[in-house]
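Participant: Supplied in structure tokens, the structure appears directly below.
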Amino acid sequence: MVETAKEPALIFLFGATGDLARRKLYPALYELFEQGHEFAVIGLARKQHTHESYRSMVDRALKPDAVQRKAFLDRFYYQPLDILQPEHFAFLKNISDQINAHYHLKGNRLFYLSLAPRFFGLAAKNLKKAGLTETDGWKRLVIEKPFGHDLKSAEELNNELLSVFQEEEIYRIDHYLGKDMVQNIEALRFANPIFESVWNHRSIANVQITLSETLGVGDRASYYDQTGALLDMVQNHIMQLLTLTAMEPPGRFEPDDIRAEKVKVLRSIRPLSSDAVTNQIVRAQYVKGVMPDGTPASGYLDEENVAPDSETETFIAARLFIDNYRWTGVPFYIRTGKRMAAKSTEVVIQFKDIPNNPYLNEFKNIGPNLLVIHIQPDEGLSLKLNVKQFGDHGDTLPIAMNFISNSPKHQIKKHDAYERLLSDCLRGDSTNFTRWDEVAYSWSLTDSIAATWKDIPLNTYEAGTMGPSASDRLLALDGFRWWPLTRME
Ligand code: BG6
């Protein structure tokens, strides 16, 4: 969004042998290398590796047709490191100075902590102690979620990080912000006056945000069972989609102007009192069922590493209100869950009907206008309209105007979210990273929900469905329904 130059940098990759690094970061770095980004990487992890064996590991993570692989891999170095041992950081100083000089990286340093969050604070402290955060160039810290597990722990972590880095140097990743169609929400709203003029309580009946997944918890159960859908998906990804959908147009397209508008939305979400929580939140856990492709799926309690009496929610739906002028009275429904009927992320804007509309009584096939923002797996937009059926038939016919970016007709080169986010970090564009106040307000909301969990019954839903019927009742209270997820043609 902001125009910033590519700058050379030395990337310190903590967690270099981990799953995220191999699945996402190495392929993303390769793409950036092909696009002309200048960097060298020091891989850091507890495992023993030589530079050569590390390069072979990175090599295996690259696509088979990576033609510049040799030149790319030559820029990778390895240093075994245990976060708990400050003296290991001291070794890093030497090697990093040499690499910096060899590649003329101008002292720019990107510290990427692909680590368990409990190590973030210590890693930052040890970097400082070893003098690695003193540099002639810039320094930036990239961290993955979760950023704490409630507001208090997030504040503690933030204070630890702020003793080493400035807020502007901290890049908190929410990988949803790297998705093309998430970034497109702003363009859709602010580059298209036809939408902006109806984007408010006068024209919009409700907004529905769905992040459904077909996968269960797989081998992440020990993390997930301590976390649940509220902290895993709502506190971060859903709040980001909600703020982008609801925010005011920023005065300028600068990272801080955009993020300030998002924060205003978070501050305007009506706090959930304990009475409200029971009418506004549905939580549930999946039991065994059959997935749409006919595969049987076991229940959450039968998954490996899940406590047999676990009350962790694998599904949550909520009815939220944003108390500001634009959104007064408009419910925002959100839902997310594991083992649902489809893997899909969608934002649906349902427009209000025309008052006293004779068509509504006259025709059977008439439905509300819907604008569907398809985030994944389809990436595009559909606008659902009604037209009169052609020929003598007098009824109306629902139609959809579709724009799909990932159809075979549009041969657009796709960039992975991590590629885009890493490129932003290297260029110093923090627009698509969460600022501390966004994180804090988001935690206040999820804390208020978590504080009343015990008053909300834990429903169940069969694996392979769209959640418990209580989630439908949440909308029925307002006379609405969830719109079925659709694949675009
Ligand atoms: C992660 C969650 O942040 O997002 C996972 O921890 C979830 O539980 C994942 O599966 C979903 O991401 P995506 O990009 O596949 O929708």
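Naming scheme: A, B, ... for chains in displayed order of the structure tokens; residues 1 onward per chain; ligands 1 onward as shown.
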What does the list of residues within 9 Å of ligand 1 look like if you count only C-alpha atoms and all ligand atoms, written as a ChimeraX atom specification?
Facilitator: /A:145-146,174-176,179,211-213,215-217,220,224,228-229,231-233,236-237,338,343-345,376-377,417
Participant: Go ahead and save the picked residues with N, CA and C atoms, as a tab-separated table (two decimals), in the first residue's frame.
Facilitator:
```tsv
chain	number	residue	atom	x	y	z
A	145	LYS	N	1.47	-15.49	15.89
A	145	LYS	CA	0.49	-15.61	16.96
A	145	LYS	C	0.72	-16.92	17.71
A	146	PRO	N	0.20	-17.17	18.88
A	146	PRO	CA	-0.64	-16.25	19.63
A	146	PRO	C	0.20	-15.25	20.41
A	174	ASP	N	-0.53	-11.72	11.35
A	174	ASP	CA	-1.80	-12.42	11.30
A	174	ASP	C	-1.90	-12.83	9.83
A	175	HIS	N	-1.71	-14.12	9.55
A	175	HIS	CA	-1.53	-14.48	8.14
A	175	HIS	C	-2.77	-14.19	7.28
A	176	TYR	N	-3.94	-13.99	7.94
A	176	TYR	CA	-5.11	-13.62	7.15
A	176	TYR	C	-4.92	-12.27	6.46
A	179	LYS	N	-3.72	-12.43	2.91
A	179	LYS	CA	-4.53	-13.05	1.85
A	179	LYS	C	-5.03	-11.97	0.90
A	211	LEU	N	-15.57	-18.53	8.95
A	211	LEU	CA	-14.27	-19.16	8.68
A	211	LEU	C	-14.45	-20.62	9.05
A	212	SER	N	-14.85	-21.45	8.10
A	212	SER	CA	-15.11	-22.85	8.46
A	212	SER	C	-13.98	-23.72	7.93
A	213	GLU	N	-13.70	-24.76	8.69
A	213	GLU	CA	-12.62	-25.68	8.29
A	213	GLU	C	-13.15	-27.11	8.31
A	215	LEU	N	-10.87	-29.70	8.42
A	215	LEU	CA	-9.90	-30.47	9.19
A	215	LEU	C	-10.28	-30.49	10.67
A	216	GLY	N	-9.84	-31.57	11.34
A	216	GLY	CA	-10.00	-31.60	12.79
A	216	GLY	C	-8.77	-30.96	13.40
A	217	VAL	N	-8.40	-31.38	14.60
A	217	VAL	CA	-7.24	-30.73	15.22
A	217	VAL	C	-5.94	-31.42	14.86
A	220	ARG	N	-2.14	-31.13	16.24
A	220	ARG	CA	-1.97	-29.92	17.05
A	220	ARG	C	-2.84	-29.94	18.30
A	224	TYR	N	-4.20	-27.05	20.70
A	224	TYR	CA	-5.57	-26.61	20.48
A	224	TYR	C	-6.44	-26.82	21.72
A	228	GLY	N	-8.66	-23.50	21.89
A	228	GLY	CA	-10.05	-23.43	21.45
A	228	GLY	C	-10.26	-22.38	20.37
A	229	ALA	N	-11.47	-22.44	19.78
A	229	ALA	CA	-11.75	-21.60	18.61
A	229	ALA	C	-11.75	-20.11	18.92
A	231	LEU	N	-9.86	-18.30	20.99
A	231	LEU	CA	-8.52	-17.71	20.99
A	231	LEU	C	-7.77	-18.01	19.68
A	232	ASP	N	-8.05	-19.16	19.11
A	232	ASP	CA	-7.31	-19.58	17.91
A	232	ASP	C	-7.73	-18.79	16.67
A	233	MET	N	-9.00	-18.44	16.57
A	233	MET	CA	-9.50	-17.84	15.33
A	233	MET	C	-10.21	-16.49	15.52
A	236	ASN	N	-8.03	-13.09	16.62
A	236	ASN	CA	-7.12	-12.57	15.61
A	236	ASN	C	-7.81	-12.46	14.24
A	237	HIS	N	-7.94	-13.62	13.56
A	237	HIS	CA	-8.39	-13.58	12.16
A	237	HIS	C	-9.79	-12.95	12.00
A	338	LYS	N	-13.89	-26.18	13.50
A	338	LYS	CA	-13.17	-27.30	12.88
A	338	LYS	C	-14.19	-28.35	12.48
A	343	LYS	N	-14.43	-26.14	3.78
A	343	LYS	CA	-13.35	-25.22	4.11
A	343	LYS	C	-13.66	-23.94	3.35
A	344	SER	N	-14.00	-22.91	4.07
A	344	SER	CA	-14.40	-21.70	3.37
A	344	SER	C	-14.26	-20.47	4.26
A	345	THR	N	-13.84	-19.38	3.67
A	345	THR	CA	-13.84	-18.10	4.39
A	345	THR	C	-14.61	-17.12	3.52
A	376	GLN	N	-11.53	-17.54	0.56
A	376	GLN	CA	-10.92	-18.80	0.16
A	376	GLN	C	-11.96	-19.91	0.27
A	377	PRO	N	-11.89	-21.02	-0.47
A	377	PRO	CA	-10.89	-21.29	-1.50
A	377	PRO	C	-11.07	-20.43	-2.75
A	417	ALA	N	0.36	-15.84	1.18
A	417	ALA	CA	0.25	-14.78	2.20
A	417	ALA	C	1.61	-14.50	2.83
```
Participant: Report as JSON, numbers by chain all protein, DNA and RNA residues lying within 12 Å of segment 90-102 of chain A, evaluated on only C-alpha atoms, omitting residues in the same chain fewer than 6 positions from it.
Facilitator: {"A": [8, 9, 10, 11, 12, 13, 14, 38, 39, 40, 41, 42, 43, 44, 74, 75, 76, 77, 78, 79, 80, 81, 82, 83, 108, 109, 110, 111, 126, 127, 128, 129, 130, 131, 132, 133, 134, 135, 136, 137]}
Participant: Go through A:Gly391, A:Glu167, A:Gln68, A:Gly178 and flag the residue nearest Glu419 of chain A, using only C-alpha atoms for the distances.
Facilitator: A:Gly178
Participant: Give me, as a PyMOL selection string, the residues of segment 174-255 of chain A that a backbone DSSP run labels alpha helix (DSSP H).
Facilitator: chain A and resi 180-190+193-196+221-224+228-229+239-246+255
Participant: Check segment 38-228 of chain A with DSSP on the backbone and list each residue it calls strand (DSSP E or B), as a PyMOL selection string.
Facilitator: chain A and resi 39-45+76-80+109-113+139-143+170-172+204-212
Participant: Just the residues within 8 Å of segment 300-316 of chain A, please, counting only C-alpha atoms, with nothing from its chain fewer than 5 positions along; format it as a ChimeraX atom specification.
Facilitator: /A:216-219,221-222,225-230,281-288,335-338,458,467
Participant: List the neighbours of Ser444 of chain A out to 8 Å using only C-alpha atoms; skip same-chain residues closer than 3 positions along the sequence, and give me the result as a list in words.
Facilitator: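 Result of the neighbour search: Asp150, Leu151, Ala440, Tyr441, Asp447 and Ser448 of chain A.
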Participant: Can you tell me how far atom CA of Thr328 of chain A sits from atom CA of Met247 of chain A, in Å to one decimal?
Facilitator: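 Distance reported for this atom pair: 13.3 Å.
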Participant: Rank nothing, just name the residue among A:Val265, A:Val234, A:Leu320, A:Ile449 nearest to Thr210 of chain A, using only C-alpha atoms.
Facilitator: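 With only C-alpha atoms as the atom set, the closest residue is A:Val234.
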Participant: Using atom CA of Glu168 of chain A and atom CA of Asp257 of chain A as the two end points, give the distance in Å to one decimal.
Facilitator: 13.6 Å
Participant: As an exercise, work out the distance from atom CA of Met401 of chain A to atom CA of Ala246 of chain A in Å and give it to one decimal place.
Facilitator: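 Those two atoms sit 23.1 Å apart.
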Participant: At a cut-off of 12 Å, using only C-alpha atoms, what residues contact Tyr418 of chain A? Leave out same-chain residues fewer than 4 positions from it and give the result as a list in words.
Facilitator: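 Close residues of Tyr418 of chain A: Leu20, Ala21, Arg23, Lys24, Leu25, Tyr26, Pro27, Ala28, Leu29, Tyr30, Glu31, Leu32, Val142, Glu144, Ile173, Asp174, His175, Tyr176, Leu177, Gly178, Lys179, Asp180, Lys414, Leu422, Ser423, Asp424, Cys425, Asn432 and Phe433 of chain A.
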Participant: Print the selection's residues with N, CA and C atoms to a file, as a PDB file, in the first residue's frame.
Facilitator:
```
ATOM      1  N   LEU A  20       6.667 -24.495  10.039  1.00  0.00           N
ATOM      2  CA  LEU A  20       6.290 -23.257   9.345  1.00  0.00           C
ATOM      3  C   LEU A  20       7.407 -22.824   8.388  1.00  0.00           C
ATOM      4  N   ALA A  21       8.644 -22.935   8.883  1.00  0.00           N
ATOM      5  CA  ALA A  21       9.771 -22.519   8.042  1.00  0.00           C
ATOM      6  C   ALA A  21       9.791 -23.354   6.765  1.00  0.00           C
ATOM      7  N   ARG A  23       7.345 -25.297   5.402  1.00  0.00           N
ATOM      8  CA  ARG A  23       6.155 -25.259   4.537  1.00  0.00           C
ATOM      9  C   ARG A  23       5.951 -23.895   3.886  1.00  0.00           C
ATOM     10  N   LYS A  24       6.212 -22.837   4.660  1.00  0.00           N
ATOM     11  CA  LYS A  24       5.829 -21.499   4.186  1.00  0.00           C
ATOM     12  C   LYS A  24       7.003 -20.557   3.943  1.00  0.00           C
ATOM     13  N   LEU A  25       7.944 -20.494   4.914  1.00  0.00           N
ATOM     14  CA  LEU A  25       8.916 -19.398   4.847  1.00  0.00           C
ATOM     15  C   LEU A  25       9.961 -19.598   3.755  1.00  0.00           C
ATOM     16  N   TYR A  26      10.498 -20.820   3.608  1.00  0.00           N
ATOM     17  CA  TYR A  26      11.520 -21.008   2.564  1.00  0.00           C
ATOM     18  C   TYR A  26      10.940 -20.814   1.164  1.00  0.00           C
ATOM     19  N   PRO A  27       9.764 -21.410   0.878  1.00  0.00           N
ATOM     20  CA  PRO A  27       9.202 -21.136  -0.456  1.00  0.00           C
ATOM     21  C   PRO A  27       8.928 -19.643  -0.672  1.00  0.00           C
ATOM     22  N   ALA A  28       8.462 -18.959   0.378  1.00  0.00           N
ATOM     23  CA  ALA A  28       8.171 -17.525   0.231  1.00  0.00           C
ATOM     24  C   ALA A  28       9.466 -16.751   0.000  1.00  0.00           C
ATOM     25  N   LEU A  29      10.514 -17.085   0.743  1.00  0.00           N
ATOM     26  CA  LEU A  29      11.788 -16.369   0.568  1.00  0.00           C
ATOM     27  C   LEU A  29      12.334 -16.600  -0.833  1.00  0.00           C
ATOM     28  N   TYR A  30      12.132 -17.814  -1.334  1.00  0.00           N
ATOM     29  CA  TYR A  30      12.624 -18.088  -2.689  1.00  0.00           C
ATOM     30  C   TYR A  30      11.943 -17.150  -3.708  1.00  0.00           C
ATOM     31  N   GLU A  31      10.616 -17.023  -3.565  1.00  0.00           N
ATOM     32  CA  GLU A  31       9.888 -16.144  -4.502  1.00  0.00           C
ATOM     33  C   GLU A  31      10.422 -14.720  -4.397  1.00  0.00           C
ATOM     34  N   LEU A  32      10.702 -14.277  -3.181  1.00  0.00           N
ATOM     35  CA  LEU A  32      11.203 -12.907  -3.003  1.00  0.00           C
ATOM     36  C   LEU A  32      12.589 -12.750  -3.614  1.00  0.00           C
ATOM     37  N   VAL A 142       9.814 -10.009  13.866  1.00  0.00           N
ATOM     38  CA  VAL A 142       8.575 -10.586  13.332  1.00  0.00           C
ATOM     39  C   VAL A 142       8.158 -11.725  14.247  1.00  0.00           C
ATOM     40  N   GLU A 144       4.911 -14.568  15.379  1.00  0.00           N
ATOM     41  CA  GLU A 144       3.684 -15.253  14.989  1.00  0.00           C
ATOM     42  C   GLU A 144       2.703 -15.194  16.150  1.00  0.00           C
ATOM     43  N   ILE A 173       2.442 -10.950  13.061  1.00  0.00           N
ATOM     44  CA  ILE A 173       1.813 -11.559  11.876  1.00  0.00           C
ATOM     45  C   ILE A 173       0.416 -12.080  12.189  1.00  0.00           C
ATOM     46  N   ASP A 174      -0.528 -11.715  11.349  1.00  0.00           N
ATOM     47  CA  ASP A 174      -1.803 -12.421  11.298  1.00  0.00           C
ATOM     48  C   ASP A 174      -1.898 -12.831   9.831  1.00  0.00           C
ATOM     49  N   HIS A 175      -1.711 -14.121   9.549  1.00  0.00           N
ATOM     50  CA  HIS A 175      -1.529 -14.484   8.139  1.00  0.00           C
ATOM     51  C   HIS A 175      -2.770 -14.194   7.285  1.00  0.00           C
ATOM     52  N   TYR A 176      -3.936 -13.988   7.940  1.00  0.00           N
ATOM     53  CA  TYR A 176      -5.110 -13.623   7.147  1.00  0.00           C
ATOM     54  C   TYR A 176      -4.921 -12.273   6.463  1.00  0.00           C
ATOM     55  N   LEU A 177      -4.122 -11.401   7.080  1.00  0.00           N
ATOM     56  CA  LEU A 177      -3.898 -10.083   6.481  1.00  0.00           C
ATOM     57  C   LEU A 177      -3.029 -10.152   5.237  1.00  0.00           C
ATOM     58  N   GLY A 178      -2.421 -11.324   4.995  1.00  0.00           N
ATOM     59  CA  GLY A 178      -1.633 -11.484   3.776  1.00  0.00           C
ATOM     60  C   GLY A 178      -2.457 -12.069   2.645  1.00  0.00           C
ATOM     61  N   LYS A 179      -3.718 -12.430   2.906  1.00  0.00           N
ATOM     62  CA  LYS A 179      -4.533 -13.052   1.851  1.00  0.00           C
ATOM     63  C   LYS A 179      -5.034 -11.965   0.900  1.00  0.00           C
ATOM     64  N   ASP A 180      -4.983 -12.308  -0.386  1.00  0.00           N
ATOM     65  CA  ASP A 180      -5.362 -11.350  -1.418  1.00  0.00           C
ATOM     66  C   ASP A 180      -6.733 -10.727  -1.189  1.00  0.00           C
ATOM     67  N   LYS A 414      -0.295 -16.255  -8.450  1.00  0.00           N
ATOM     68  CA  LYS A 414      -0.714 -16.131  -7.062  1.00  0.00           C
ATOM     69  C   LYS A 414       0.489 -15.975  -6.149  1.00  0.00           C
ATOM     70  N   LEU A 422       6.240 -11.217   4.194  1.00  0.00           N
ATOM     71  CA  LEU A 422       7.692 -11.086   4.333  1.00  0.00           C
ATOM     72  C   LEU A 422       8.218  -9.924   3.493  1.00  0.00           C
ATOM     73  N   SER A 423       7.643  -9.788   2.322  1.00  0.00           N
ATOM     74  CA  SER A 423       8.061  -8.684   1.461  1.00  0.00           C
ATOM     75  C   SER A 423       7.728  -7.350   2.150  1.00  0.00           C
ATOM     76  N   ASP A 424       6.550  -7.263   2.769  1.00  0.00           N
ATOM     77  CA  ASP A 424       6.175  -6.038   3.485  1.00  0.00           C
ATOM     78  C   ASP A 424       7.174  -5.736   4.601  1.00  0.00           C
ATOM     79  N   CYS A 425       7.567  -6.780   5.360  1.00  0.00           N
ATOM     80  CA  CYS A 425       8.526  -6.563   6.468  1.00  0.00           C
ATOM     81  C   CYS A 425       9.836  -6.030   5.920  1.00  0.00           C
ATOM     82  N   ASN A 432      -0.158  -4.367   7.076  1.00  0.00           N
ATOM     83  CA  ASN A 432      -0.841  -5.647   7.245  1.00  0.00           C
ATOM     84  C   ASN A 432      -0.316  -6.460   8.432  1.00  0.00           C
ATOM     85  N   PHE A 433       0.079  -5.742   9.454  1.00  0.00           N
ATOM     86  CA  PHE A 433       0.499  -6.377  10.709  1.00  0.00           C
ATOM     87  C   PHE A 433      -0.289  -5.720  11.827  1.00  0.00           C
TER      88      PHE A 433
END
```
